[in-house]
file start23.tsv (TSV, C-alpha atoms)
chain	number	residue	atom	x	y	z
A	287	MET	CA	19.10	7.18	-11.92
A	288	ARG	CA	16.88	4.27	-11.02
A	289	VAL	CA	13.36	4.32	-12.44
A	290	LEU	CA	10.58	2.19	-10.93
A	291	LEU	CA	7.13	1.50	-12.34
A	292	PHE	CA	4.25	0.14	-10.28
A	293	GLY	CA	0.88	-1.47	-10.97
A	294	ARG	CA	-0.34	-1.36	-14.53
A	295	LEU	CA	2.53	0.92	-15.61
A	296	GLY	CA	4.96	-1.99	-15.22
A	297	ASP	CA	2.73	-4.28	-17.29
A	298	ILE	CA	2.44	-1.69	-20.07
A	299	ALA	CA	6.20	-1.10	-20.21
A	300	GLY	CA	7.22	-4.73	-19.75
A	301	TRP	CA	9.71	-3.71	-17.04
A	302	ARG	CA	9.38	-2.55	-13.46
A	303	GLU	CA	12.86	-1.27	-12.74
A	304	ARG	CA	15.72	0.04	-14.83
A	305	THR	CA	18.74	2.30	-14.67
A	306	ILE	CA	18.99	5.31	-16.98
A	307	GLU	CA	22.42	6.87	-17.42
A	308	ALA	CA	21.34	9.86	-19.54
A	309	ALA	CA	21.44	13.27	-17.86
A	310	ILE	CA	17.79	14.21	-17.27
A	311	ALA	CA	16.89	17.38	-15.40
A	312	ARG	CA	13.23	17.17	-14.48
A	313	VAL	CA	10.31	14.78	-14.10
A	314	SER	CA	8.75	16.05	-17.35
A	315	ASP	CA	12.04	15.39	-19.19
A	316	LEU	CA	12.14	11.85	-17.85
A	317	LYS	CA	8.54	11.26	-18.95
A	318	ALA	CA	9.40	12.61	-22.41
A	319	TYR	CA	12.49	10.37	-22.57
A	320	LEU	CA	10.40	7.29	-21.69
A	321	ALA	CA	7.58	8.32	-24.06
A	322	ALA	CA	10.05	8.64	-26.95
A	323	GLU	CA	10.99	4.99	-26.45
A	324	ASP	CA	7.51	3.68	-25.72
A	325	ALA	CA	4.45	5.72	-26.71
A	326	ALA	CA	2.05	3.49	-24.75
A	327	LEU	CA	4.08	4.03	-21.59
A	328	GLY	CA	4.20	7.76	-22.33
A	329	ASP	CA	0.39	7.88	-22.53
A	330	ALA	CA	0.05	5.89	-19.32
A	331	LEU	CA	2.48	8.17	-17.46
A	332	GLY	CA	0.44	11.18	-18.57
A	333	ALA	CA	-2.86	9.71	-17.34
A	334	LYS	CA	-4.78	11.28	-14.48
A	335	GLY	CA	-3.83	10.11	-11.01
A	336	VAL	CA	-0.27	9.00	-11.75
A	337	GLN	CA	1.95	10.33	-8.95
A	338	THR	CA	5.73	10.64	-8.83
A	339	ALA	CA	8.02	9.86	-5.90
A	340	ILE	CA	11.67	10.89	-5.76
A	341	ASP	CA	13.80	9.05	-3.23
A	342	LEU	CA	10.67	7.69	-1.48
A	343	ALA	CA	8.91	11.07	-1.15
A	344	LEU	CA	5.91	12.14	-3.24
A	345	VAL	CA	6.58	15.25	-5.29
A	346	ARG	CA	4.18	17.63	-6.98
A	347	GLY	CA	4.60	19.44	-10.25
A	348	ASP	CA	7.65	19.22	-12.44
A	349	ALA	CA	10.29	18.50	-9.79
A	350	LEU	CA	14.04	18.59	-10.37
A	351	LEU	CA	15.79	15.21	-10.34
A	352	PRO	CA	18.83	15.13	-8.04
A	353	PRO	CA	21.83	13.15	-9.30
A	354	ALA	CA	21.67	9.37	-8.77
A	355	CYS	CA	18.10	9.50	-7.50
A	356	GLU	CA	15.34	6.91	-7.49
A	357	VAL	CA	12.20	7.96	-9.35
A	358	ALA	CA	8.99	5.96	-8.97
A	359	PHE	CA	5.83	6.40	-11.03
A	360	LEU	CA	2.77	5.40	-9.02
A	361	PRO	CA	-0.64	4.84	-10.61
A	362	PRO	CA	-3.71	5.24	-8.33
A	363	MET	CA	-3.18	3.11	-5.25
A	364	SER	CA	-5.68	0.37	-4.60
A	365	GLY	CA	-5.27	-0.01	-0.86
A	366	GLY	CA	-4.57	-3.37	0.67
B	1078	MET	CA	5.04	-1.44	14.75
B	1079	ILE	CA	4.60	-1.81	11.01
B	1080	ARG	CA	5.60	-5.00	9.26
B	1081	LEU	CA	5.42	-5.64	5.53
B	1082	THR	CA	6.05	-9.26	4.59
B	1083	ASP	CA	5.88	-11.49	1.54
B	1084	GLN	CA	5.57	-14.55	3.78
B	1085	PRO	CA	2.42	-15.99	5.39
B	1086	PHE	CA	1.91	-14.99	9.02
B	1087	GLU	CA	-0.10	-16.51	11.84
B	1088	PRO	CA	-2.55	-13.95	13.30
B	1089	GLY	CA	-3.16	-15.90	16.54
B	1090	ALA	CA	0.52	-16.02	17.42
B	1091	GLU	CA	0.93	-12.34	16.56
B	1092	LEU	CA	-2.02	-11.38	18.76
B	1093	SER	CA	-0.70	-13.43	21.70
B	1094	ALA	CA	2.67	-11.73	21.39
B	1095	PHE	CA	1.01	-8.30	21.17
B	1096	CYS	CA	-1.05	-8.96	24.34
B	1097	ALA	CA	1.83	-10.39	26.37
B	1098	GLY	CA	2.94	-8.45	29.43
B	1099	ARG	CA	0.26	-5.75	29.24
B	1100	PHE	CA	-0.49	-5.33	32.91
B	1101	GLU	CA	-1.96	-1.83	32.58
B	1102	THR	CA	-3.46	-1.85	29.08
B	1103	GLY	CA	-7.05	-2.91	29.65
B	1104	ALA	CA	-8.16	-3.34	26.03
B	1105	VAL	CA	-6.73	-4.85	22.87
B	1106	ALA	CA	-8.84	-4.95	19.70
B	1107	SER	CA	-7.72	-6.65	16.52
B	1108	PHE	CA	-8.85	-7.23	12.96
B	1109	VAL	CA	-7.65	-9.78	10.41
B	1110	GLY	CA	-8.39	-9.40	6.69
B	1111	ILE	CA	-8.44	-12.66	4.73
B	1112	ALA	CA	-8.14	-13.10	0.96
B	1113	ARG	CA	-11.54	-14.02	-0.51
B	1114	GLY	CA	-11.96	-16.65	-3.18
B	1115	GLU	CA	-14.95	-14.84	-4.80
B	1116	ALA	CA	-16.49	-18.29	-5.53
B	1117	GLY	CA	-13.68	-19.34	-7.83
B	1118	ALA	CA	-13.40	-15.98	-9.60
B	1119	ALA	CA	-10.16	-15.14	-7.77
B	1120	VAL	CA	-7.47	-17.81	-7.92
B	1121	ALA	CA	-4.86	-15.61	-6.33
B	1122	LEU	CA	-4.47	-12.06	-5.17
B	1123	GLU	CA	-1.28	-10.15	-5.74
B	1124	LEU	CA	-0.38	-6.98	-3.90
B	1125	GLU	CA	2.52	-4.97	-5.15
B	1126	ALA	CA	4.19	-2.77	-2.55
B	1127	TYR	CA	6.95	-0.17	-2.82
B	1128	PRO	CA	9.23	-1.28	0.00
B	1129	GLY	CA	10.31	1.70	2.09
B	1130	PHE	CA	7.57	3.95	0.73
B	1131	THR	CA	4.66	1.66	1.63
B	1132	GLU	CA	5.80	1.16	5.25
B	1133	ALA	CA	6.46	4.88	5.67
B	1134	ARG	CA	2.93	5.81	4.57
B	1135	ILE	CA	1.35	3.12	6.78
B	1136	ALA	CA	3.48	4.37	9.69
B	1137	GLU	CA	2.06	7.89	9.12
B	1138	PHE	CA	-1.55	6.62	9.22
B	1139	THR	CA	-0.79	4.57	12.28
B	1140	ALA	CA	0.80	7.49	14.13
B	1141	GLU	CA	-2.34	9.52	13.33
B	1142	ALA	CA	-4.53	6.74	14.80
B	1143	VAL	CA	-2.37	6.60	17.93
B	1144	ARG	CA	-2.84	10.37	18.40
B	1145	ARG	CA	-6.51	10.44	17.53
B	1146	PHE	CA	-7.54	7.57	19.82
B	1147	SER	CA	-4.81	8.01	22.49
B	1148	LEU	CA	-3.57	4.47	21.92
B	1149	GLN	CA	-0.80	2.92	23.94
B	1150	ASP	CA	0.44	0.84	21.01
B	1151	ALA	CA	-0.49	-0.33	17.52
B	1152	LEU	CA	0.60	-3.17	15.29
B	1153	VAL	CA	0.03	-3.44	11.53
B	1154	ILE	CA	1.16	-6.50	9.59
B	1155	HIS	CA	0.53	-6.48	5.84
B	1156	ARG	CA	1.29	-9.12	3.24
B	1157	HIS	CA	2.50	-8.30	-0.23
B	1158	GLY	CA	3.25	-10.52	-3.19
B	1159	LYS	CA	0.94	-13.35	-4.23
B	1160	MET	CA	-1.51	-14.90	-1.82
B	1161	ALA	CA	-4.18	-17.55	-2.01
B	1162	PRO	CA	-7.83	-17.43	-0.86
B	1163	GLY	CA	-7.86	-18.03	2.90
B	1164	ASP	CA	-4.50	-16.38	3.55
B	1165	ALA	CA	-4.35	-13.56	6.09
B	1166	ILE	CA	-3.60	-10.36	4.13
B	1167	VAL	CA	-3.59	-7.79	6.89
B	1168	MET	CA	-3.74	-7.68	10.65
B	1169	VAL	CA	-4.26	-4.68	12.89
B	1170	ALA	CA	-4.02	-4.78	16.69
B	1171	VAL	CA	-4.30	-1.79	18.99
B	1172	ALA	CA	-3.85	-1.38	22.73
B	1173	SER	CA	-5.79	1.17	24.76
B	1174	SER	CA	-7.01	1.64	28.29
B	1175	HIS	CA	-10.64	1.52	27.07
B	1176	ARG	CA	-12.43	-0.76	24.64
B	1177	ARG	CA	-14.35	1.93	22.71
B	1178	ALA	CA	-11.16	3.65	21.58
B	1179	ALA	CA	-9.65	0.28	20.67
B	1180	PHE	CA	-12.61	-0.77	18.48
B	1181	GLU	CA	-12.76	2.62	16.78
B	1182	ALA	CA	-9.02	2.75	16.15
B	1183	CYS	CA	-9.11	-0.67	14.46
B	1184	ASP	CA	-11.99	0.44	12.25
B	1185	TYR	CA	-10.21	3.69	11.38
B	1186	LEU	CA	-6.92	2.00	10.54
B	1187	MET	CA	-8.63	-0.58	8.35
B	1188	ASP	CA	-10.56	2.09	6.41
B	1189	TYR	CA	-7.25	3.80	5.64
B	1190	LEU	CA	-5.43	0.60	4.80
B	1191	LYS	CA	-8.21	-0.59	2.48
B	1192	SER	CA	-8.46	2.60	0.47
B	1193	ARG	CA	-5.27	4.65	0.82
B	1194	ALA	CA	-2.37	2.36	1.59
B	1195	PRO	CA	0.23	2.33	-1.20
B	1196	PHE	CA	-0.45	-1.05	-2.74
B	1197	TRP	CA	-1.39	-2.04	-6.25
B	1198	LYS	CA	-3.75	-4.96	-6.31
B	1199	LYS	CA	-4.00	-7.55	-9.06
B	1200	GLU	CA	-6.51	-10.38	-9.16
B	1201	HIS	CA	-5.54	-13.57	-10.94
B	1202	GLY	CA	-8.72	-15.35	-12.02
B	1203	PRO	CA	-9.70	-18.06	-14.48
B	1204	GLU	CA	-10.15	-15.37	-17.18
B	1205	GLY	CA	-6.75	-13.78	-16.65
B	1206	THR	CA	-5.56	-10.91	-14.50
B	1207	ARG	CA	-6.91	-7.47	-13.70
B	1208	TRP	CA	-5.74	-4.49	-11.66
B	1209	VAL	CA	-8.23	-3.50	-8.97
B	1210	GLU	CA	-8.84	0.07	-7.77
B	1211	PRO	CA	-10.56	1.14	-4.52
B	1212	THR	CA	-14.33	0.69	-4.57
B	1213	VAL	CA	-16.86	3.48	-4.01
B	1214	ARG	CA	-17.72	1.67	-0.79
B	1215	ASP	CA	-14.08	1.84	0.38
B	1216	LEU	CA	-14.00	5.60	-0.29
B	1217	GLU	CA	-17.35	6.16	1.46
B	1218	ASP	CA	-16.10	4.20	4.48
B	1219	LEU	CA	-13.03	6.41	4.59
B	1220	ALA	CA	-15.09	9.62	4.38
B	1221	ARG	CA	-16.80	8.73	7.69
B	1222	TRP	CA	-13.68	9.92	9.52
B	1223	ASP	CA	-13.34	13.36	7.90

call {"tool": "encode", "arguments": {"input": "start23.tsv", "output": "structure tokens"}}
result
Amino acid sequence: MRVLLFGRLGDIAGWRERTIEAAIARVSDLKAYLAAEDAALGDALGAKGVQTAIDLALVRGDALLPPACEVAFLPPMSGG
Amino acid sequence: MIRLTDQPFEPGAELSAFCAGRFETGAVASFVGIARGEAGAAVALELEAYPGFTEARIAEFTAEAVRRFSLQDALVIHRHGKMAPGDAIVMVAVASSHRRAAFEACDYLMDYLKSRAPFWKKEHGPEGTRWVEPTVRDLEDLARWD
């Protein structure tokens, strides 16, 4: 799957886009996978107001990740 | 029409093109937002967009404005990437048969774009960079339409 980070999340992680080959079932599993590699990113992903989009659509709760999807983590949007 | 671009655009030319051939429209109102220098505090403004997602959300707001104000047409152009003070960041133009609806629709669209549009804003200043979140004023402006 492709994972995208926006805003301050990308600065914290030091990357904005990467491909993860591991089989990961749900959004919470992906967050745990990323947190295990980078605790600061894990904390930032758990912060209030961070939304998740799967294949360009916002999802609520602990959504399932379809195969070969694009997951984006979106911190609070600033407007233009 | 919604256009997201990382290149400078020329608001005058865009407005002329939007107005062309409107024999039955009556009213076009437009707004241009320009990057502020903040008296030297902001050297550059950077807007990060999520291509595909950002346009889709702006298209939803715009469709809502078209319904709400019975517009004939609406144009939103939004820059992303890095821009300098004085650059046009955003332009909204709307076409309606009456001026009141046109003015109000512009105001409405700008309140949404300023507070809800999916962008992440970073200011590059002499002291470094900072991520900016919507101001209380932006959120109060938006609440006028609820």

call {"tool": "closest_residue", "arguments": {"input": "start23.tsv", "among": "B:Ser1107, B:Thr1139, B:Thr1206, B:Thr1212", "to": "Pro1088 in chain B", "atoms": "all atoms listed in the file"}}
result
B:Ser1107

call {"tool": "interface_residues", "arguments": {"input": "start23.tsv", "of": "chain A", "to": "chain B", "cutoff": "9 Å", "atoms": "only C-alpha atoms", "output": "number ranges by chain"}}
result
A: 292-294, 339, 341-343, 358, 360-366

call {"tool": "atom_distance", "arguments": {"input": "start23.tsv", "atom1": "CA of Thr338 in chain A", "atom2": "CA of Arg312 in chain A"}}
result
11.4 Å

call {"tool": "closest_residue", "arguments": {"input": "start23.tsv", "among": "A:Leu351, A:Met287, A:Ala318, A:Val345", "to": "Ala330 in chain A", "atoms": "only C-alpha atoms"}}
result
A:Ala318

call {"tool": "atom_distance", "arguments": {"input": "start23.tsv", "atom1": "CA of Gly1202 in chain B", "atom2": "CA of Gly1163 in chain B"}}
result
15.2 Å
